>>> print(open('my_file11.cif').read())   # mmCIF, C-alpha atoms and all ligand atoms
data_protein
#
loop_
_atom_site.group_PDB
_atom_site.id
_atom_site.type_symbol
_atom_site.label_atom_id
_atom_site.label_comp_id
_atom_site.auth_asym_id
_atom_site.auth_seq_id
_atom_site.Cartn_x
_atom_site.Cartn_y
_atom_site.Cartn_z
ATOM 1 C CA MET A 190 106.488 20.263 16.217
ATOM 2 C CA SER A 191 105.763 23.918 16.497
ATOM 3 C CA MET A 192 105.851 25.300 19.958
ATOM 4 C CA ASP A 193 104.004 28.523 20.491
ATOM 5 C CA LYS A 194 104.104 30.480 23.700
ATOM 6 C CA SER A 195 100.966 28.996 25.241
ATOM 7 C CA SER A 196 101.791 25.345 24.537
ATOM 8 C CA PHE A 197 105.304 26.043 25.832
ATOM 9 C CA ARG A 198 103.894 27.395 29.100
ATOM 10 C CA GLU A 199 101.449 24.507 29.290
ATOM 11 C CA ALA A 200 104.166 21.842 28.830
ATOM 12 C CA TRP A 201 106.354 23.454 31.484
ATOM 13 C CA ARG A 202 103.441 23.793 33.864
ATOM 14 C CA LYS A 203 102.753 20.062 33.602
ATOM 15 C CA VAL A 204 106.376 19.117 34.003
ATOM 16 C CA ARG A 205 106.845 21.393 37.011
ATOM 17 C CA LYS A 206 103.871 19.830 38.751
ATOM 18 C CA ILE A 207 105.148 16.312 38.122
ATOM 19 C CA ILE A 208 108.629 17.079 39.352
ATOM 20 C CA ARG A 209 107.147 18.529 42.520
ATOM 21 C CA ASN A 210 105.327 15.248 43.133
ATOM 22 C CA ALA A 211 108.212 12.947 42.225
ATOM 23 C CA ASP A 212 110.820 11.299 44.444
ATOM 24 C CA VAL A 213 113.421 11.188 41.707
ATOM 25 C CA VAL A 214 113.754 12.664 38.228
ATOM 26 C CA LEU A 215 115.258 10.998 35.168
ATOM 27 C CA GLU A 216 116.464 13.481 32.575
ATOM 28 C CA VAL A 217 116.719 11.575 29.312
ATOM 29 C CA LEU A 218 119.450 12.630 26.857
ATOM 30 C CA GLU A 219 120.140 11.405 23.306
ATOM 31 C CA ALA A 220 123.403 9.534 22.760
ATOM 32 C CA ARG A 221 124.279 11.305 19.496
ATOM 33 C CA ASN A 222 124.057 14.723 21.109
ATOM 34 C CA PRO A 223 123.882 14.372 24.901
ATOM 35 C CA MET A 224 125.035 17.901 25.710
ATOM 36 C CA GLY A 225 122.627 19.418 23.191
ATOM 37 C CA THR A 226 119.675 17.513 24.598
ATOM 38 C CA ARG A 227 120.368 18.654 28.137
ATOM 39 C CA SER A 228 117.990 21.224 29.525
ATOM 40 C CA LEU A 229 119.646 23.409 32.112
ATOM 41 C CA LYS A 230 116.288 25.037 32.782
ATOM 42 C CA LEU A 231 114.919 21.630 33.718
ATOM 43 C CA GLU A 232 117.934 20.812 35.866
ATOM 44 C CA LYS A 233 117.650 24.126 37.715
ATOM 45 C CA LEU A 234 114.001 23.434 38.404
ATOM 46 C CA VAL A 235 114.766 19.962 39.747
ATOM 47 C CA SER A 236 117.459 21.300 42.023
ATOM 48 C CA ARG A 237 115.244 24.136 43.249
ATOM 49 C CA LEU A 238 112.601 21.573 44.184
ATOM 50 C CA GLY A 239 115.284 19.504 45.944
ATOM 51 C CA LYS A 240 114.775 16.285 44.005
ATOM 52 C CA PRO A 241 117.532 13.825 43.117
ATOM 53 C CA LEU A 242 118.326 13.776 39.389
ATOM 54 C CA ILE A 243 119.709 10.948 37.263
ATOM 55 C CA LEU A 244 120.959 11.592 33.731
ATOM 56 C CA VAL A 245 119.974 8.755 31.427
ATOM 57 C CA ILE A 246 121.682 8.816 28.034
ATOM 58 C CA ASN A 247 119.400 6.778 25.788
ATOM 59 C CA LYS A 248 119.919 5.309 22.282
ATOM 60 C CA ALA A 249 123.384 4.112 23.265
ATOM 61 C CA ASP A 250 123.029 1.531 20.481
ATOM 62 C CA LEU A 251 123.777 4.351 17.994
ATOM 63 C CA VAL A 252 127.165 5.339 19.422
ATOM 64 C CA PRO A 253 130.355 3.335 20.195
ATOM 65 C CA ARG A 254 130.689 2.218 23.747
ATOM 66 C CA GLU A 255 133.977 4.068 24.382
ATOM 67 C CA ILE A 256 132.245 7.315 23.505
ATOM 68 C CA MET A 257 129.403 6.533 25.901
ATOM 69 C CA ASP A 258 131.954 5.905 28.660
ATOM 70 C CA GLU A 259 133.565 9.263 27.955
ATOM 71 C CA TRP A 260 130.216 11.040 28.194
ATOM 72 C CA LYS A 261 129.445 9.237 31.406
ATOM 73 C CA ASN A 262 132.715 10.528 32.871
ATOM 74 C CA VAL A 263 131.884 14.065 31.772
ATOM 75 C CA PHE A 264 128.402 14.079 33.297
ATOM 76 C CA GLU A 265 129.178 12.106 36.458
ATOM 77 C CA LYS A 266 131.015 15.172 37.768
ATOM 78 C CA GLU A 267 127.546 16.696 38.146
ATOM 79 C CA TYR A 268 124.920 13.938 38.422
ATOM 80 C CA PRO A 269 124.711 10.149 38.596
ATOM 81 C CA THR A 270 124.743 9.166 34.923
ATOM 82 C CA ILE A 271 123.982 5.966 33.096
ATOM 83 C CA TYR A 272 123.627 5.067 29.452
ATOM 84 C CA ILE A 273 121.094 2.649 28.099
ATOM 85 C CA SER A 274 119.391 1.485 24.953
ATOM 86 C CA ALA A 275 115.654 1.262 25.394
ATOM 87 C CA ARG A 276 115.427 -0.288 21.942
ATOM 88 C CA LYS A 277 117.903 -3.080 22.679
ATOM 89 C CA ARG A 278 116.928 -3.263 26.328
ATOM 90 C CA LEU A 279 120.481 -2.728 27.483
ATOM 91 C CA GLY A 280 121.321 -1.137 30.819
ATOM 92 C CA THR A 281 117.930 -1.677 32.410
ATOM 93 C CA THR A 282 119.192 -3.490 35.488
ATOM 94 C CA PHE A 283 121.600 -0.690 36.182
ATOM 95 C CA LEU A 284 118.807 1.849 35.795
ATOM 96 C CA TRP A 285 116.705 0.068 38.437
ATOM 97 C CA LYS A 286 119.674 -0.039 40.792
ATOM 98 C CA THR A 287 120.526 3.608 40.297
ATOM 99 C CA ILE A 288 116.946 4.692 40.973
ATOM 100 C CA ARG A 289 116.890 2.686 44.194
ATOM 101 C CA LYS A 290 120.241 4.088 45.244
ATOM 102 C CA VAL A 291 119.474 7.794 44.869
ATOM 103 C CA VAL A 292 116.152 7.730 46.692
ATOM 104 C CA PRO A 293 116.713 8.523 50.340
ATOM 105 C CA GLY A 294 115.384 6.166 53.002
ATOM 106 C CA ASN A 295 113.316 3.086 52.475
ATOM 107 C CA LYS A 296 110.290 4.462 50.707
ATOM 108 C CA PRO A 297 107.781 1.699 50.010
ATOM 109 C CA VAL A 298 106.739 3.336 46.760
ATOM 110 C CA VAL A 299 109.061 5.462 44.662
ATOM 111 C CA LYS A 300 107.724 7.887 42.058
ATOM 112 C CA VAL A 301 109.971 8.560 39.104
ATOM 113 C CA ALA A 302 109.367 11.454 36.689
ATOM 114 C CA VAL A 303 110.812 10.909 33.231
ATOM 115 C CA VAL A 304 111.554 14.255 31.585
ATOM 116 C CA GLY A 305 113.558 15.736 28.719
ATOM 117 C CA TYR A 306 113.523 16.943 25.138
ATOM 118 C CA PRO A 307 110.994 15.534 22.674
ATOM 119 C CA ASN A 308 111.934 12.305 20.909
ATOM 120 C CA VAL A 309 114.799 11.243 23.185
ATOM 121 C CA GLY A 310 112.967 8.073 24.228
ATOM 122 C CA LYS A 311 111.119 8.948 27.444
ATOM 123 C CA SER A 312 108.091 6.795 26.633
ATOM 124 C CA SER A 313 110.362 3.957 25.451
ATOM 125 C CA ILE A 314 112.189 4.003 28.783
ATOM 126 C CA ILE A 315 108.878 3.852 30.639
ATOM 127 C CA ASN A 316 108.044 0.768 28.592
ATOM 128 C CA ILE A 317 111.247 -1.064 29.453
ATOM 129 C CA LEU A 318 110.803 -0.241 33.122
ATOM 130 C CA LYS A 319 107.277 -1.600 32.934
ATOM 131 C CA GLY A 320 108.425 -4.665 31.068
ATOM 132 C CA ARG A 321 105.750 -4.299 28.436
ATOM 133 C CA HIS A 322 104.554 -1.815 25.907
ATOM 134 C CA SER A 323 102.132 0.605 27.540
ATOM 135 C CA ALA A 324 103.294 4.130 26.788
ATOM 136 C CA SER A 325 102.880 5.169 23.142
ATOM 137 C CA THR A 326 106.112 5.930 21.335
ATOM 138 C CA SER A 327 106.718 7.505 17.957
ATOM 139 C CA PRO A 328 109.486 8.881 15.743
ATOM 140 C CA LYS A 329 107.470 12.105 15.697
ATOM 141 C CA ALA A 330 108.781 14.774 18.066
ATOM 142 C CA GLY A 331 106.136 15.942 20.503
ATOM 143 C CA TYR A 332 104.226 12.697 20.472
ATOM 144 C CA THR A 333 103.362 12.415 24.151
ATOM 145 C CA LYS A 334 100.924 15.191 24.945
ATOM 146 C CA HIS A 335 99.702 14.129 28.341
ATOM 147 C CA VAL A 336 101.120 13.198 31.629
ATOM 148 C CA GLN A 337 100.538 9.570 32.412
ATOM 149 C CA GLU A 338 101.436 7.510 35.439
ATOM 150 C CA TYR A 339 102.311 3.805 35.207
ATOM 151 C CA ARG A 340 103.090 1.171 37.779
ATOM 152 C CA ALA A 341 106.391 -0.504 36.887
ATOM 153 C CA SER A 342 106.680 -2.746 39.921
ATOM 154 C CA ARG A 343 105.519 -3.128 43.498
ATOM 155 C CA TRP A 344 107.734 -0.249 44.598
ATOM 156 C CA LEU A 345 108.092 1.797 41.427
ATOM 157 C CA LYS A 346 105.734 4.250 39.742
ATOM 158 C CA VAL A 347 106.872 6.008 36.579
ATOM 159 C CA ILE A 348 105.424 9.158 35.082
ATOM 160 C CA ASP A 349 105.649 9.931 31.373
ATOM 161 C CA THR A 350 105.752 13.595 30.377
ATOM 162 C CA PRO A 351 105.608 15.624 27.166
ATOM 163 C CA GLY A 352 108.986 16.760 25.844
ATOM 164 C CA VAL A 353 110.054 20.281 26.716
ATOM 165 C CA ILE A 354 112.110 22.501 24.453
ATOM 166 C CA PRO A 355 113.381 26.058 24.649
ATOM 167 C CA LEU A 356 111.040 28.576 23.094
ATOM 168 C CA ARG A 357 113.478 30.260 20.744
ATOM 169 C CA GLU A 358 115.936 28.068 18.895
ATOM 170 C CA SER A 359 116.971 28.030 15.261
ATOM 171 C CA GLU A 360 115.637 25.223 13.083
ATOM 172 C CA VAL A 361 119.030 23.618 12.734
ATOM 173 C CA THR A 362 119.567 23.666 16.497
ATOM 174 C CA LEU A 363 116.230 21.948 17.012
ATOM 175 C CA VAL A 364 117.043 19.379 14.327
ATOM 176 C CA LEU A 365 120.386 18.693 15.962
ATOM 177 C CA ARG A 366 118.407 18.034 19.124
ATOM 178 C CA PHE A 367 115.870 15.839 17.311
ATOM 179 C CA ALA A 368 113.099 18.147 18.455
ATOM 180 C CA LEU A 369 111.551 19.177 15.142
ATOM 181 C CA ASN A 370 109.662 17.166 12.555
ATOM 182 C CA PRO A 371 110.937 17.567 8.975
ATOM 183 C CA GLU A 372 107.375 18.347 7.827
ATOM 184 C CA ASP A 373 107.350 21.443 10.015
ATOM 185 C CA LEU A 374 110.533 23.054 8.695
ATOM 186 C CA SER A 375 110.354 26.306 6.795
ATOM 187 C CA ASP A 376 113.744 25.793 5.131
ATOM 188 C CA PRO A 377 114.408 22.039 4.800
ATOM 189 C CA VAL A 378 117.182 22.437 2.213
ATOM 190 C CA GLY A 379 119.127 25.053 4.169
ATOM 191 C CA THR A 380 118.755 23.100 7.395
ATOM 192 C CA ALA A 381 119.716 19.785 5.764
ATOM 193 C CA CYS A 382 122.811 21.416 4.231
ATOM 194 C CA LYS A 383 123.943 22.614 7.657
ATOM 195 C CA LEU A 384 123.364 19.167 9.134
ATOM 196 C CA ILE A 385 125.270 17.522 6.257
ATOM 197 C CA LYS A 386 128.144 19.944 6.695
ATOM 198 C CA LEU A 387 128.426 18.952 10.337
ATOM 199 C CA GLY A 388 128.137 15.252 9.435
ATOM 200 C CA LEU A 389 130.945 15.565 6.883
ATOM 201 C CA LYS A 390 133.130 17.199 9.493
ATOM 202 C CA LEU A 391 132.463 14.629 12.210
ATOM 203 C CA HIS A 392 132.231 11.485 10.112
ATOM 204 C CA PRO A 393 133.424 12.143 6.532
ATOM 205 C CA GLU A 394 132.239 8.798 5.140
ATOM 206 C CA VAL A 395 128.755 8.839 6.655
ATOM 207 C CA PHE A 396 126.825 9.879 3.519
ATOM 208 C CA LYS A 397 128.738 7.454 1.346
ATOM 209 C CA GLU A 398 127.931 4.667 3.803
ATOM 210 C CA THR A 399 124.291 5.604 4.314
ATOM 211 C CA TYR A 400 123.226 6.679 0.820
ATOM 212 C CA LYS A 401 125.977 5.261 -1.424
ATOM 213 C CA VAL A 402 126.705 8.728 -2.772
ATOM 214 C CA GLN A 403 130.157 9.962 -3.789
ATOM 215 C CA SER A 404 129.640 13.727 -3.567
ATOM 216 C CA LYS A 405 131.567 15.781 -1.062
ATOM 217 C CA THR A 406 129.497 18.942 -0.613
ATOM 218 C CA PRO A 407 126.055 19.276 1.008
ATOM 219 C CA GLU A 408 124.339 20.594 -2.142
ATOM 220 C CA GLU A 409 125.844 17.872 -4.317
ATOM 221 C CA ILE A 410 124.968 15.175 -1.795
ATOM 222 C CA LEU A 411 121.305 16.244 -1.831
ATOM 223 C CA ARG A 412 121.312 16.300 -5.648
ATOM 224 C CA GLU A 413 122.839 12.836 -5.816
ATOM 225 C CA ILE A 414 120.309 11.417 -3.333
ATOM 226 C CA ALA A 415 117.440 12.918 -5.348
ATOM 227 C CA LEU A 416 118.901 11.487 -8.553
ATOM 228 C CA LYS A 417 119.484 8.025 -7.072
ATOM 229 C CA ARG A 418 115.969 7.853 -5.657
ATOM 230 C CA GLY A 419 114.321 9.297 -8.741
ATOM 231 C CA LEU A 420 112.887 12.238 -6.810
ATOM 232 C CA LEU A 421 111.522 14.451 -9.545
ATOM 233 C CA LEU A 422 109.234 17.455 -9.680
ATOM 234 C CA LYS A 423 106.685 17.989 -12.433
ATOM 235 C CA GLY A 424 108.679 18.951 -15.473
ATOM 236 C CA GLY A 425 111.539 16.655 -14.563
ATOM 237 C CA LYS A 426 113.628 18.844 -12.232
ATOM 238 C CA LEU A 427 115.223 17.129 -9.226
ATOM 239 C CA ASN A 428 113.220 17.404 -6.020
ATOM 240 C CA ILE A 429 116.008 18.584 -3.717
ATOM 241 C CA GLU A 430 113.560 19.535 -0.996
ATOM 242 C CA GLU A 431 112.347 15.943 -0.721
ATOM 243 C CA ALA A 432 115.946 14.704 -0.541
ATOM 244 C CA ALA A 433 116.535 17.208 2.269
ATOM 245 C CA ARG A 434 113.530 15.927 4.205
ATOM 246 C CA ILE A 435 114.750 12.346 3.799
ATOM 247 C CA VAL A 436 118.133 13.226 5.285
ATOM 248 C CA LEU A 437 116.559 15.139 8.158
ATOM 249 C CA ARG A 438 114.081 12.363 8.861
ATOM 250 C CA ASP A 439 116.844 9.740 8.804
ATOM 251 C CA TRP A 440 118.917 11.766 11.248
ATOM 252 C CA ILE A 441 116.003 12.189 13.619
ATOM 253 C CA ASN A 442 115.012 8.502 13.338
ATOM 254 C CA GLY A 443 118.556 7.247 13.813
ATOM 255 C CA LYS A 444 119.006 5.808 10.331
ATOM 256 C CA LEU A 445 121.630 8.408 9.534
ATOM 257 C CA VAL A 446 124.143 8.058 12.320
ATOM 258 C CA PHE A 447 126.975 10.325 13.286
ATOM 259 C CA TYR A 448 127.570 11.691 16.726
ATOM 260 C CA ILE A 449 128.883 14.742 18.471
ATOM 261 C CA PRO A 450 131.983 13.723 20.427
ATOM 262 C CA PRO A 451 132.538 14.487 24.099
ATOM 263 C CA PRO A 452 134.708 17.508 24.881
ATOM 264 C CA ARG A 453 138.370 16.562 24.848
ATOM 265 C CA SER A 454 141.337 18.564 25.943
ATOM 266 C CA LYS A 455 143.087 18.412 22.554
ATOM 267 C CA GLN A 456 140.319 18.439 19.995
ATOM 268 C CA SER A 457 137.417 20.348 21.391
ATOM 269 C CA PHE A 458 134.195 20.472 19.432
ATOM 270 C CA SER A 459 133.190 23.896 18.326
ATOM 271 C CA ASN A 460 129.692 24.297 17.099
ATOM 272 C CA THR A 461 130.143 26.006 13.764
ATOM 273 C CA LEU A 462 126.457 26.293 12.986
HETATM 274 N N1 LIG A 501 117.968 3.581 18.144
HETATM 275 C C1 LIG A 501 117.165 3.759 19.197
HETATM 276 N N2 LIG A 501 115.965 4.353 19.041
HETATM 277 C C2 LIG A 501 115.183 4.515 20.133
HETATM 278 C C3 LIG A 501 115.606 4.100 21.425
HETATM 279 N N3 LIG A 501 114.626 4.428 22.309
HETATM 280 C C4 LIG A 501 113.640 5.018 21.598
HETATM 281 N N4 LIG A 501 113.958 5.070 20.282
HETATM 282 C C5 LIG A 501 113.147 5.626 19.194
HETATM 283 O O1 LIG A 501 113.067 7.035 19.350
HETATM 284 C C6 LIG A 501 111.785 7.528 18.949
HETATM 285 C C7 LIG A 501 111.167 8.358 20.070
HETATM 286 O O2 LIG A 501 110.867 7.528 21.179
HETATM 287 P P1 LIG A 501 109.758 7.929 22.256
HETATM 288 O O3 LIG A 501 109.894 6.958 23.383
HETATM 289 O O4 LIG A 501 108.444 8.117 21.614
HETATM 290 O O5 LIG A 501 110.352 9.362 22.698
HETATM 291 P P2 LIG A 501 109.718 10.440 23.704
HETATM 292 O O6 LIG A 501 110.884 11.064 24.426
HETATM 293 O O7 LIG A 501 108.656 9.826 24.534
HETATM 294 O O8 LIG A 501 109.133 11.511 22.666
HETATM 295 P P3 LIG A 501 107.923 12.602 22.893
HETATM 296 O O9 LIG A 501 106.759 11.895 23.469
HETATM 297 O O10 LIG A 501 107.723 13.106 21.492
HETATM 298 O O11 LIG A 501 108.487 13.675 23.782
HETATM 299 C C8 LIG A 501 110.957 6.287 18.591
HETATM 300 O O12 LIG A 501 110.974 6.151 17.185
HETATM 301 C C9 LIG A 501 111.701 5.150 19.275
HETATM 302 O O13 LIG A 501 111.551 3.922 18.608
HETATM 303 C C10 LIG A 501 116.887 3.452 21.554
HETATM 304 O O14 LIG A 501 117.345 3.049 22.627
HETATM 305 N N5 LIG A 501 117.615 3.329 20.414
HETATM 306 MG MG MG A 502 106.682 10.249 24.670
#
>>> encode(input="my_file11.cif", output="structure tokens")
Amino acid sequence: MSMDKSSFREAWRKVRKIIRNADVVLEVLEARNPMGTRSLKLEKLVSRLGKPLILVINKADLVPREIMDEWKNVFEKEYPTIYISARKRLGTTFLWKTIRKVVPGNKPVVKVAVVGYPNVGKSSIINILKGRHSASTSPKAGYTKHVQEYRASRWLKVIDTPGVIPLRESEVTLVLRFALNPEDLSDPVGTACKLIKLGLKLHPEVFKETYKVQSKTPEEILREIALKRGLLLKGGKLNIEEAARIVLRDWINGKLVFYIPPPRSKQSFSNTL
């Protein structure tokens, strides 16, 4: 997903308008990198417009429950926070209750704006609130282009929005936030190597478990994946670039799973990228 200046402005314009019209805003975060998928710009906007905000950490099925509880504790200092899995339909009841709770008074109809980074599961959450599949979802970042309003129940209207991302971020930062499609990368090998390096640090066995490879360095891991899958270029050289795209795609899709841990007093995570 490439975001030029005009589509960036356009996406923000839409989101701003929706937030202005909403009674409550759900900011959707991704369980493997909740802090990285937070948008402070979005949160500032919500607070300036005086709307209640709920943080919804989605894809909780990818991360151990204890870790989700830790994140919840971290974020609850600022906003009501819940974690759910739209895919497994876990946490939905609690989501309904939290929405009801934060809306002041006894509004007969409550309008909820669902906002956040691309690919975090905004449309999927709309679908579980609706109880059936209505909003289109996709593993492609930047899938939802238009604002769409749905009726989830007698008292609840939900509004799907396009994902918003910062204008200037490095490719690896966007990949870590699931906001870039592997097809759109200018340097898939370099970016995949950085991602693999982080994966090795956070979960040393993850590439062995996911790809059955023994190598211990990013470059070697990509070579071994290409070899195992028979990814060859004309002339018989290994297609490392294709191996890199596979790894990046798997990370974005949630087939390659490691997660960034919550900040802890002893072992704090430093982003070495
Ligand atoms: N593992 C897992 N995957 C999920 C979950 N929710 C959504 N997904 C997947 O994440 C991908 C993105 O979901 P969408 O609902 O399209 O995300 P979105 O935030 O609407 O994305 P944009 O419209 O691109 O901004 C899809 O492939 C979903 O199947 C979940 O709870 N767990
Ligand atoms: Mg969407």
>>> axis_aligned_box(input="my_file11.cif", around="range 419-422 of chain A", padding_each_side="6 Å", output="AutoDock Vina command-line options")
--center_x 111.8 --center_y 13.4 --center_z -8.2 --size_x 17.1 --size_y 20.2 --size_z 14.9
>>> residues_near_ligand(input="my_file11.cif", ligand="ligand MG 502 (chain A)", cutoff="12 Å", atoms="all atoms listed in the file", output="number ranges by chain")
A: 217, 303-316, 323-337, 348-353, 368
>>> atom_distance(input="my_file11.cif", atom1="CA of Arg289 in chain A", atom2="CA of Asn262 in chain A")
21.0 Å
>>> closest_residue(input="my_file11.cif", among="A:Arg343, A:Lys286, A:Arg438, A:Arg276", to="ligand LIG 501 (chain A)", atoms="all atoms listed in the file")
A:Arg276
>>> residues_around(input="my_file11.cif", residues="Lys194 in chain A", least_positions_apart="6", cutoff="12 Å", atoms="all atoms listed in the file", output="MDAnalysis selection string")
chainID A and resid 200:201 354:357
>>> closest_residue(input="my_file11.cif", among="A:Arg254, A:Lys233, A:Lys423, A:Lys277", to="ligand LIG 501 (chain A)", atoms="only C-alpha atoms and all ligand atoms")
A:Lys277
